[in-house]
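The file run-v1.csv contains CSV, C-alpha atoms:
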```csv
chain,number,residue,atom,x,y,z
A,25,MET,CA,-13.4,3.5,-26.1
A,26,THR,CA,-16.9,4.6,-25.9
A,27,GLY,CA,-17.5,7.8,-27.7
A,28,ALA,CA,-21.1,7.2,-27.2
A,29,ASP,CA,-22.1,9.9,-24.8
A,30,ARG,CA,-20.1,12.9,-25.7
A,31,GLY,CA,-23.2,14.8,-24.6
A,32,SER,CA,-24.1,18.3,-25.0
A,33,GLY,CA,-26.6,18.0,-22.2
A,34,ALA,CA,-24.6,20.2,-19.9
A,35,GLY,CA,-25.6,23.8,-20.5
A,36,GLY,CA,-25.1,26.4,-17.8
A,37,THR,CA,-22.4,28.7,-17.0
A,38,ASP,CA,-20.2,26.6,-14.7
A,39,PRO,CA,-16.7,27.5,-16.0
A,40,ILE,CA,-15.4,24.0,-15.2
A,41,ARG,CA,-18.1,22.4,-17.2
A,42,ALA,CA,-17.8,24.8,-20.0
A,43,SER,CA,-14.1,24.5,-20.6
A,44,ALA,CA,-14.0,20.7,-19.8
A,45,ALA,CA,-15.8,20.0,-23.1
A,46,GLU,CA,-13.3,22.0,-25.0
A,47,LEU,CA,-10.3,20.6,-26.7
A,48,LEU,CA,-6.9,21.2,-25.3
A,49,ASP,CA,-5.5,24.6,-25.9
A,50,GLU,CA,-2.0,25.9,-25.6
A,51,ARG,CA,-2.5,26.7,-22.0
A,52,ASP,CA,-3.6,23.1,-21.2
A,53,GLU,CA,-0.5,21.8,-23.0
A,54,GLU,CA,1.7,24.2,-21.0
A,55,LEU,CA,0.2,23.0,-17.8
A,56,LEU,CA,0.7,19.4,-18.7
A,57,ARG,CA,4.3,20.1,-19.7
A,58,TRP,CA,4.9,21.8,-16.4
A,59,LEU,CA,3.2,19.1,-14.5
A,60,ARG,CA,5.5,16.6,-16.2
A,61,GLU,CA,8.5,18.6,-15.3
A,62,CYS,CA,7.4,18.7,-11.6
A,63,HIS,CA,7.1,14.9,-11.5
A,64,GLU,CA,10.4,14.4,-13.2
A,65,GLU,CA,12.0,16.6,-10.6
A,66,LEU,CA,10.2,15.2,-7.6
A,67,ASP,CA,10.0,11.5,-8.5
A,68,PRO,CA,12.4,10.7,-11.4
A,69,MET,CA,12.1,7.2,-12.8
A,70,PRO,CA,15.3,5.2,-12.0
A,71,ASP,CA,17.3,4.0,-15.0
A,72,SER,CA,17.1,0.5,-13.5
A,73,VAL,CA,13.5,0.3,-14.5
A,74,VAL,CA,14.5,0.1,-18.2
A,75,GLN,CA,17.7,-1.8,-17.5
A,76,ARG,CA,16.0,-4.6,-15.5
A,77,SER,CA,13.1,-4.9,-17.9
A,78,VAL,CA,15.3,-5.1,-21.0
A,79,PHE,CA,17.4,-7.7,-19.3
A,80,ALA,CA,14.4,-9.8,-18.3
A,81,LEU,CA,12.9,-9.5,-21.7
A,82,ALA,CA,15.9,-11.1,-23.3
A,83,VAL,CA,14.6,-14.5,-22.1
A,84,GLU,CA,13.7,-16.9,-24.8
A,85,ASP,CA,10.6,-18.3,-23.3
A,86,ILE,CA,7.8,-16.2,-24.8
A,87,ASP,CA,4.8,-18.1,-23.6
A,88,ALA,CA,5.8,-18.3,-19.9
A,89,GLU,CA,3.9,-17.5,-16.8
A,90,VAL,CA,5.3,-14.6,-14.9
A,91,LEU,CA,6.0,-14.8,-11.2
A,92,ARG,CA,5.7,-11.7,-9.1
A,93,LEU,CA,8.1,-10.6,-6.5
A,94,ALA,CA,6.1,-11.1,-3.4
A,95,GLU,CA,8.4,-10.5,-0.5
A,96,GLN,CA,12.0,-9.7,0.3
A,97,TYR,CA,13.8,-9.5,3.6
A,98,ARG,CA,17.1,-10.1,5.3
A,99,PRO,CA,16.8,-12.7,8.1
A,100,GLU,CA,18.8,-12.4,11.4
A,101,ALA,CA,20.6,-9.4,10.1
A,102,ALA,CA,22.6,-8.8,13.2
A,103,GLY,CA,23.2,-12.5,14.0
A,104,VAL,CA,25.6,-14.0,11.6
A,105,ARG,CA,28.9,-12.1,11.3
A,106,GLY,CA,31.8,-12.9,9.1
A,107,GLY,CA,32.1,-16.0,7.0
A,108,GLU,CA,30.4,-16.9,3.9
A,109,GLY,CA,26.8,-16.8,5.1
A,110,GLU,CA,27.0,-13.1,5.6
A,111,GLU,CA,24.4,-10.8,4.0
A,112,ALA,CA,21.8,-13.4,3.3
A,113,ARG,CA,18.6,-12.2,1.7
A,114,VAL,CA,15.4,-14.1,1.2
A,115,VAL,CA,13.2,-13.4,-1.8
A,116,THR,CA,9.8,-14.9,-2.5
A,117,PHE,CA,8.2,-15.0,-5.9
A,118,ASP,CA,4.7,-16.2,-6.5
A,119,SER,CA,2.0,-16.7,-9.0
A,120,ASP,CA,-1.4,-18.4,-8.9
A,121,SER,CA,0.2,-21.8,-9.4
A,122,LEU,CA,3.7,-21.7,-8.0
A,123,THR,CA,5.8,-20.1,-5.2
A,124,ILE,CA,9.6,-19.9,-5.2
A,125,MET,CA,11.5,-18.9,-2.2
A,126,ILE,CA,15.2,-18.3,-2.6
A,127,ARG,CA,17.9,-17.5,-0.1
A,128,ILE,CA,20.7,-15.5,-1.6
A,129,SER,CA,24.0,-15.6,0.2
A,130,GLN,CA,27.2,-13.7,-0.8
A,131,GLN,CA,30.4,-15.8,-1.2
A,132,THR,CA,33.8,-14.4,-1.8
A,133,ASP,CA,33.3,-13.3,-5.3
A,134,THR,CA,30.1,-14.9,-6.2
A,135,VAL,CA,26.6,-15.6,-5.0
A,136,ARG,CA,24.9,-18.8,-3.9
A,137,ILE,CA,21.2,-19.5,-4.1
A,138,ASP,CA,19.3,-22.0,-2.1
A,139,GLY,CA,15.9,-22.4,-3.5
A,140,TRP,CA,12.6,-24.0,-2.7
A,141,LEU,CA,9.7,-24.4,-5.0
A,142,ALA,CA,6.1,-25.1,-4.0
A,143,PRO,CA,4.1,-27.2,-4.7
A,144,PRO,CA,7.2,-29.4,-4.8
A,145,GLN,CA,8.0,-31.1,-8.0
A,146,ALA,CA,11.0,-32.4,-9.8
A,147,CYS,CA,11.9,-30.1,-12.7
A,148,ARG,CA,14.7,-27.9,-13.8
A,149,VAL,CA,15.7,-24.3,-13.1
A,150,GLU,CA,17.9,-22.0,-15.0
A,151,LEU,CA,19.4,-18.8,-13.8
A,152,ARG,CA,20.1,-16.3,-16.5
A,153,SER,CA,22.9,-13.9,-15.5
A,154,GLY,CA,24.8,-11.4,-17.5
A,155,GLU,CA,27.6,-13.7,-18.7
A,156,ARG,CA,26.1,-17.2,-18.8
A,157,THR,CA,23.1,-19.3,-17.9
A,158,LEU,CA,23.5,-21.8,-15.0
A,159,GLY,CA,21.2,-24.8,-14.6
A,160,ALA,CA,20.2,-27.0,-11.7
A,161,ALA,CA,17.9,-29.9,-11.1
A,162,VAL,CA,15.0,-29.4,-8.7
A,163,ASP,CA,14.5,-32.5,-6.5
A,164,ALA,CA,11.2,-34.1,-5.6
A,165,GLU,CA,11.0,-31.9,-2.4
A,166,GLY,CA,11.3,-28.8,-4.6
A,167,ARG,CA,14.8,-27.9,-3.5
A,168,PHE,CA,17.6,-26.7,-5.7
A,169,VAL,CA,21.0,-25.1,-5.3
A,170,LEU,CA,22.9,-22.8,-7.6
A,171,GLU,CA,26.5,-21.8,-6.9
A,172,ALA,CA,29.2,-19.6,-8.2
A,173,ILE,CA,26.8,-17.2,-9.6
A,174,PRO,CA,28.3,-13.9,-10.8
A,175,ARG,CA,27.0,-10.8,-9.2
A,176,GLY,CA,24.7,-8.5,-11.1
A,177,LEU,CA,21.3,-8.9,-12.7
A,178,ALA,CA,19.8,-12.4,-12.8
A,179,GLN,CA,16.5,-14.1,-13.7
A,180,LEU,CA,15.2,-17.5,-12.8
A,181,VAL,CA,13.4,-19.7,-15.4
A,182,VAL,CA,11.6,-22.8,-14.2
A,183,ARG,CA,11.1,-25.5,-16.8
A,184,LEU,CA,8.4,-27.7,-15.4
A,185,GLY,CA,8.3,-30.5,-18.0
A,186,GLU,CA,12.0,-31.1,-18.2
A,187,ALA,CA,12.7,-33.5,-15.5
A,188,LEU,CA,10.4,-36.0,-17.1
A,189,THR,CA,10.6,-35.4,-20.8
A,190,GLY,CA,14.0,-33.7,-21.2
A,191,SER,CA,12.4,-30.7,-22.9
A,192,GLY,CA,9.1,-29.0,-23.5
A,193,GLY,CA,6.6,-28.3,-20.8
A,194,PRO,CA,5.5,-24.9,-19.6
A,195,SER,CA,8.1,-22.4,-18.3
A,196,ILE,CA,7.8,-19.9,-15.5
A,197,LEU,CA,9.8,-16.7,-15.2
A,198,THR,CA,10.8,-14.4,-12.4
A,199,PRO,CA,11.5,-10.7,-12.9
A,200,ALA,CA,15.2,-9.8,-12.9
A,201,ILE,CA,16.7,-9.0,-9.6
A,202,VAL,CA,20.1,-7.8,-8.5
A,203,LEU,CA,22.3,-10.3,-6.9
B,8,MET,CA,-3.2,8.9,-41.9
B,9,PRO,CA,-2.5,5.4,-43.4
B,10,ASN,CA,-0.3,4.2,-40.6
B,11,SER,CA,-1.2,0.6,-41.4
B,12,THR,CA,1.3,0.5,-44.2
B,13,LEU,CA,4.6,-0.5,-42.7
B,14,PRO,CA,7.0,2.5,-42.5
B,15,ASP,CA,10.6,2.3,-43.4
B,16,PRO,CA,12.5,0.3,-40.8
B,17,THR,CA,15.3,2.9,-40.7
B,18,LEU,CA,13.4,5.0,-38.3
B,19,PRO,CA,13.9,8.7,-37.7
B,20,ASP,CA,15.4,10.0,-34.5
B,21,PRO,CA,12.7,9.9,-31.8
B,22,THR,CA,13.3,13.3,-30.4
B,23,ASP,CA,11.6,15.6,-32.9
B,24,LEU,CA,8.6,13.7,-34.1
B,25,THR,CA,5.1,15.0,-34.6
B,26,ALA,CA,2.3,12.9,-33.1
B,27,THR,CA,1.7,11.2,-36.5
B,28,ASP,CA,5.3,10.4,-37.0
B,29,ARG,CA,5.6,9.1,-33.5
B,30,ASN,CA,2.5,6.9,-33.9
B,31,ALA,CA,4.0,5.5,-37.2
B,32,ARG,CA,7.3,4.8,-35.5
B,33,LEU,CA,5.6,3.0,-32.6
B,34,ALA,CA,3.4,1.0,-35.0
B,35,ALA,CA,6.6,-0.1,-36.8
B,36,LEU,CA,8.3,-1.0,-33.6
B,37,LEU,CA,5.3,-3.0,-32.5
B,38,GLU,CA,5.1,-4.8,-35.8
B,39,SER,CA,8.8,-5.6,-35.6
B,40,ALA,CA,8.6,-6.7,-31.9
B,41,ARG,CA,5.6,-9.0,-32.8
B,42,SER,CA,7.8,-10.7,-35.4
B,43,GLY,CA,10.3,-11.5,-32.6
B,44,ARG,CA,12.8,-8.7,-32.7
B,45,ARG,CA,13.8,-7.9,-29.1
B,46,GLU,CA,15.7,-4.8,-30.1
B,47,SER,CA,12.3,-3.3,-31.2
B,48,LEU,CA,10.7,-4.4,-28.0
B,49,ASN,CA,13.5,-2.8,-26.0
B,50,GLU,CA,12.9,0.5,-27.8
B,51,ILE,CA,9.2,0.3,-26.8
B,52,VAL,CA,10.3,-0.3,-23.2
B,53,VAL,CA,12.4,2.9,-23.3
B,54,GLU,CA,9.5,4.8,-24.9
B,55,LEU,CA,6.7,3.7,-22.6
B,56,SER,CA,8.2,2.9,-19.2
B,57,PRO,CA,7.9,6.5,-18.1
B,58,VAL,CA,4.1,6.5,-18.5
B,59,LEU,CA,4.0,3.2,-16.6
B,60,TRP,CA,6.1,4.6,-13.8
B,61,GLN,CA,3.5,7.4,-13.3
B,62,VAL,CA,0.7,4.8,-13.3
B,63,ALA,CA,2.4,2.7,-10.6
B,64,ARG,CA,3.5,5.6,-8.5
B,65,ALA,CA,0.1,7.3,-8.7
B,66,GLN,CA,-1.4,4.1,-7.2
B,67,GLY,CA,0.6,4.7,-4.1
B,68,LEU,CA,3.4,2.1,-4.6
B,69,ASP,CA,6.8,2.9,-3.2
B,70,ARG,CA,9.6,3.2,-5.7
B,71,GLU,CA,10.9,-0.3,-5.4
B,72,ALA,CA,7.5,-1.9,-5.7
B,73,ALA,CA,6.7,0.3,-8.7
B,74,GLU,CA,9.9,-0.9,-10.4
B,75,ASP,CA,8.9,-4.6,-9.8
B,76,VAL,CA,5.4,-4.1,-11.1
B,77,ILE,CA,6.6,-2.4,-14.3
B,78,GLN,CA,9.0,-5.2,-15.0
B,79,CYS,CA,6.3,-7.8,-14.5
B,80,THR,CA,4.1,-5.9,-16.8
B,81,TRP,CA,6.7,-6.0,-19.6
B,82,LEU,CA,7.3,-9.7,-19.0
B,83,SER,CA,3.6,-10.4,-19.2
B,84,LEU,CA,3.4,-8.5,-22.4
B,85,LEU,CA,5.5,-11.2,-24.1
B,86,ARG,CA,2.6,-13.6,-23.9
B,87,HIS,CA,0.1,-11.1,-25.2
B,88,LEU,CA,2.1,-9.4,-27.9
B,89,ASP,CA,0.4,-11.4,-30.7
B,90,GLN,CA,-3.0,-10.0,-29.7
B,91,ILE,CA,-2.0,-6.4,-29.8
B,92,HIS,CA,-2.2,-4.7,-33.2
B,93,SER,CA,-1.9,-1.0,-32.7
B,94,PRO,CA,0.1,1.5,-30.6
B,95,LEU,CA,-3.2,2.7,-29.0
B,96,ALA,CA,-4.1,-0.9,-28.0
B,97,LEU,CA,-0.5,-1.4,-26.7
B,98,THR,CA,-0.6,1.7,-24.5
B,99,ALA,CA,-4.1,0.7,-23.2
B,100,TRP,CA,-3.0,-2.8,-22.5
B,101,LEU,CA,0.2,-1.7,-20.6
B,102,VAL,CA,-1.6,0.9,-18.5
B,103,THR,CA,-4.4,-1.5,-17.6
B,104,ALA,CA,-1.9,-4.2,-16.7
B,105,THR,CA,0.3,-1.9,-14.6
B,106,LYS,CA,-2.7,-0.5,-12.7
B,107,ARG,CA,-4.0,-4.0,-12.0
B,108,GLU,CA,-0.6,-5.3,-10.8
B,109,ALA,CA,-0.2,-2.2,-8.7
B,110,TRP,CA,-3.5,-2.8,-7.0
B,111,ARG,CA,-2.5,-6.3,-6.3
B,112,ALA,CA,0.9,-5.3,-5.0
B,113,ARG,CA,-0.6,-2.6,-2.9
B,114,GLY,CA,-3.1,-5.0,-1.4
B,115,ALA,CA,-0.3,-7.4,-0.6
B,116,HIS,CA,2.0,-5.1,1.4
B,117,HIS,CA,3.8,-2.2,-0.3
B,118,ALA,CA,1.3,0.5,0.4
B,119,GLU,CA,2.9,3.8,1.0
B,120,GLN,CA,-0.3,5.7,1.5
B,121,PRO,CA,-4.0,5.0,1.4
B,122,LEU,CA,-5.6,6.3,-1.7
B,123,ASP,CA,-8.6,8.5,-1.8
B,124,GLN,CA,-11.0,7.0,-4.2
B,125,ASN,CA,-13.5,9.8,-4.1
B,126,GLN,CA,-14.8,11.0,-7.3
B,127,MET,CA,-14.5,14.7,-8.0
B,128,THR,CA,-14.6,16.0,-4.5
B,129,ASP,CA,-11.8,18.1,-3.1
B,130,THR,CA,-9.6,16.5,-0.5
B,131,GLU,CA,-8.8,18.3,2.7
B,132,ASP,CA,-5.1,17.5,2.5
B,133,PRO,CA,-4.1,20.0,-0.1
B,134,GLN,CA,-0.7,21.2,1.2
B,135,PRO,CA,2.4,20.3,-0.8
B,136,LEU,CA,5.2,19.1,1.4
B,137,PRO,CA,7.9,21.7,2.0
B,138,GLU,CA,10.6,19.4,0.8
B,139,GLU,CA,8.8,19.1,-2.5
B,140,LEU,CA,8.6,22.9,-3.0
B,141,VAL,CA,12.3,23.2,-2.3
B,142,LEU,CA,13.1,20.8,-5.1
B,143,LEU,CA,11.0,22.6,-7.6
B,144,ALA,CA,12.0,25.5,-9.8
B,145,GLU,CA,10.4,28.7,-8.9
B,146,ARG,CA,8.1,28.8,-11.9
B,147,HIS,CA,6.7,25.3,-11.1
B,148,ARG,CA,5.7,26.0,-7.5
B,149,ASP,CA,2.4,27.6,-8.1
B,150,VAL,CA,1.4,24.8,-10.5
B,151,TRP,CA,2.4,22.2,-8.0
B,152,ARG,CA,0.5,23.9,-5.1
B,153,ALA,CA,-2.6,23.9,-7.3
B,154,VAL,CA,-2.1,20.3,-8.4
B,155,ARG,CA,-1.9,19.1,-4.8
B,156,ARG,CA,-5.3,20.7,-4.2
B,157,LEU,CA,-6.9,18.6,-6.9
B,158,PRO,CA,-9.0,15.5,-6.1
B,159,GLN,CA,-6.9,12.4,-6.0
B,160,ARG,CA,-8.4,11.1,-9.2
B,161,CYS,CA,-7.5,14.2,-11.1
B,162,GLN,CA,-4.0,14.1,-9.8
B,163,GLU,CA,-3.6,10.5,-10.9
B,164,LEU,CA,-5.1,11.1,-14.3
B,165,LEU,CA,-3.2,14.3,-15.1
B,166,ARG,CA,0.0,12.8,-13.9
B,167,VAL,CA,-0.3,9.9,-16.3
B,168,VAL,CA,-1.6,12.1,-19.2
B,169,ALA,CA,1.3,14.5,-18.7
B,170,PHE,CA,3.6,11.6,-19.7
B,171,SER,CA,1.5,10.3,-22.5
B,172,HIS,CA,1.2,11.5,-26.1
B,173,ARG,CA,-1.9,13.2,-27.3
B,174,PRO,CA,-3.4,10.5,-29.4
B,175,ASP,CA,-3.3,8.2,-26.4
B,176,TYR,CA,-5.1,10.5,-23.9
B,177,ASP,CA,-8.5,9.0,-24.2
B,178,ALA,CA,-7.1,5.4,-24.2
B,179,VAL,CA,-5.1,6.2,-21.1
B,180,ALA,CA,-8.0,7.7,-19.3
B,181,THR,CA,-10.2,4.7,-20.2
B,182,ALA,CA,-7.5,2.3,-19.0
B,183,LEU,CA,-7.3,4.1,-15.7
B,184,GLY,CA,-11.0,3.7,-15.3
B,185,MET,CA,-11.9,7.3,-16.1
B,186,PRO,CA,-13.6,7.1,-19.5
B,187,ARG,CA,-15.2,10.1,-21.2
B,188,GLY,CA,-18.3,11.0,-19.3
B,189,SER,CA,-21.5,12.8,-20.3
B,190,ILE,CA,-19.9,16.2,-20.0
B,191,GLY,CA,-16.7,15.5,-21.8
B,192,PRO,CA,-13.5,13.8,-20.7
B,193,THR,CA,-12.5,13.7,-17.1
B,194,ARG,CA,-9.2,15.1,-18.3
B,195,GLY,CA,-10.9,18.3,-19.4
B,196,ARG,CA,-12.6,18.7,-16.1
B,197,CYS,CA,-9.4,18.1,-14.2
B,198,LEU,CA,-7.5,20.6,-16.3
B,199,ALA,CA,-10.3,23.2,-16.0
B,200,LYS,CA,-10.2,22.7,-12.3
B,201,LEU,CA,-6.5,23.2,-12.2
B,202,ARG,CA,-6.8,26.4,-14.2
B,203,THR,CA,-9.4,27.8,-11.8
B,204,LEU,CA,-7.2,26.9,-8.8
B,205,ILE,CA,-4.2,28.7,-10.4
B,206,ASP,CA,-6.2,31.6,-11.6
B,207,PRO,CA,-9.5,31.8,-9.6
B,208,ASP,CA,-11.2,34.7,-11.4
B,209,GLY,CA,-10.4,33.4,-14.9
B,210,SER,CA,-8.8,36.6,-16.0
B,211,GLY,CA,-5.5,35.0,-17.0
B,212,VAL,CA,-6.9,32.6,-19.6
B,213,ASN,CA,-4.9,34.1,-22.4
B,214,GLY,CA,-2.6,31.6,-23.7
B,215,ALA,CA,0.9,30.6,-22.9
B,216,ASN,CA,1.8,33.7,-20.9
B,217,GLY,CA,-1.1,33.6,-18.5
B,218,GLY,CA,-0.5,34.5,-14.9
B,219,LEU,CA,1.4,31.5,-13.8
B,220,ALA,CA,4.7,33.0,-12.8
```
Would you mind writing the file's structure down as structure tokens?
Amino acid sequence: MTGADRGSGAGGTDPIRASAAELLDERDEELLRWLRECHEELDPMPDSVVQRSVFALAVEDIDAEVLRLAEQYRPEAAGVRGGEGEEARVVTFDSDSLTIMIRISQQTDTVRIDGWLAPPQACRVELRSGERTLGAAVDAEGRFVLEAIPRGLAQLVVRLGEALTGSGGPSILTPAIVL
Amino acid sequence: MPNSTLPDPTLPDPTDLTATDRNARLAALLESARSGRRESLNEIVVELSPVLWQVARAQGLDREAAEDVIQCTWLSLLRHLDQIHSPLALTAWLVTATKREAWRARGAHHAEQPLDQNQMTDTEDPQPLPEELVLLAERHRDVWRAVRRLPQRCQELLRVVAFSHRPDYDAVATALGMPRGSIGPTRGRCLAKLRTLIDPDGSGVNGANGGLA
């Protein structure tokens, strides 16, 4: 916050300059209030913003790196029909150091995730979902599978040190997504 | 106001708070979140997500991408919470992080529209969309028409400021890369411009009942 140059160097009669230097008055406040109402009407924030954030923040790893959601698509949408592989979706998360790609497929009542982590390394993943936390080992090729996942919000936590030491090591989080 | 003393943890209802009370409440929530209480952090999420939504959307992100970016901002905050000591610093950190993430996401793919990064020049694309006007209440339409004729930077700044609280205005502007210039805050210039657009001859500058309707 530099308050250094709150200058008075601008004389002149330009009305924009003149009133720009003034403090907010009632009229400004009214305009800002109306502008707020316009945006609330035209572009309301979905409730899921807070819901997903609060869900994701319940994670216990405070000092974790955060992966971004990088890409999301549905492969061969028209191809597979019927059966358990229906409605697959591929989501990629990444950060400077790690990429995780997961394929989410719907099963009868639950969801299955086939994941791949790069650069590949043996470690452990956890999936936080509403009811419980599921765990799986990541093999040396970076692959992991999570099955019988309840639908709803879920978040992946990667524990890099755990394959070797059993605990400790840095963790990496994804944002919460809807399965 | 000595906000540094920790207020009573039984906090007042957030709806009818003066700026000082609100600041004290946010300071208490921050203090409590820093000590590990997630409930307090959740309340901060409820309180400040609407501002971040404006920041992300004003950067041209589509709604889905904006939601992802805001969530990542909150998650990143977990690591930095112990370095943030005041509500002002918190708002500034969150706005800066959201804008930076939005830039990154926009560069990656999600761009909905190219952004005009011109300074204070008028854009030649001033028409509000008809479907926007349909959605708006009668009394808001003139304001919206005028807003859409503002330079892109002003639209961005006023949009975010409109969802901020007054003590945060300067911090928000700075975090958006529009600090106070030599002739006063950019916010003031944008508001003044908006007023001239709504009321070109300046005759209606007479308080709350000016010629808006």
Using only C-alpha atoms, which of B:Ser47, B:Gln134, B:Thr98, B:Gln66 sits nearest Asn30 in chain B? B:Thr98
Rounded to one decimal, what separation in Å do you get between CA of Asp163 in chain A and CA of Tyr97 in chain A?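 These atoms are spaced 25.1 Å apart.
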Residues of chain B were defined as contacting chain A if any atom lay at most 7 Å from it, counting all atoms listed in the file; please report them as a ChimeraX atom specification. /B:45,49,52-53,56-57,60,74-75,78-79,81-83,85-86,139,142-143,147,169-170,178,181,188-192,195-196,198-200,214-215
Closest to Ala164 in chain A among A:Leu141, A:Ala146, A:Ile126, A:Val182, using all atoms listed in the file?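 Nearest to Ala164 in chain A: A:Ala146.
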In terms of the shortest atom-to-atom distance over only C-alpha atoms, which of B:Thr80, B:Ser93, B:Gln61, B:Thr25 is closest to Thr105 in chain B? B:Thr80
Nearest to Gln90 in chain B, chosen from B:Leu33, B:Glu38, B:Pro207, B:Thr193, with only C-alpha atoms counted in the distances: B:Glu38
Rank A:Leu158, A:Gly193, A:Glu150, A:Leu203 by their smallest atom-to-atom distance to Ile128 in chain A, using only C-alpha atoms, and report the top residue only.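 Of A:Leu158, A:Gly193, A:Glu150, A:Leu203, the one nearest Ile128 in chain A, counting only C-alpha atoms, is A:Leu203.
If you look at CA of Ser42 in chain B and CA of Arg29 in chain B, they are 20.0 Å away from each other.
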Interatomic distance between CA of Pro137 in chain B and CA of Leu201 in chain B? 20.3 Å
Kindly indicate which residue among B:Val179, B:Asp208, B:Ala112, B:Leu136 lies nearest to Asp118 in chain A, using only C-alpha atoms for the distances.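 For Asp118 in chain A, the nearest of the candidates is B:Ala112.
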Excluding Ala26 in chain B and its own-chain neighbours fewer than 2 positions away, which residues fall within 10 Å of it when counting only C-alpha atoms? Please give them as a list in words. Asp23, Leu24, Asp28, Arg29, Asn30, Ala31, Arg32, His172, Arg173, Pro174 and Asp175 of chain B
Using only C-alpha atoms, give me every residue within 7 Å of (5.7, -30.6, -14.4) in file coordinates, as a PDB file with C-alpha atoms, in the frame of the given file.
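File produced: result-v1.pdb:
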```pdb
ATOM      1  CA  GLN A 145       8.000 -31.100  -8.000  1.00  0.00           C
ATOM      2  CA  CYS A 147      11.900 -30.100 -12.700  1.00  0.00           C
ATOM      3  CA  LEU A 184       8.400 -27.700 -15.400  1.00  0.00           C
ATOM      4  CA  GLY A 185       8.300 -30.500 -18.000  1.00  0.00           C
ATOM      5  CA  GLY A 193       6.600 -28.300 -20.800  1.00  0.00           C
TER       6      GLY A 193
END
```
At a cut-off of 12 Å around the point (25.7, -16.0, -0.1) (file coordinates), what residues fall inside when counting all atoms listed in the file? I'd like the answer as a PyMOL selection string. chain A and resi 98+104+106-114+126-138+169-175+203
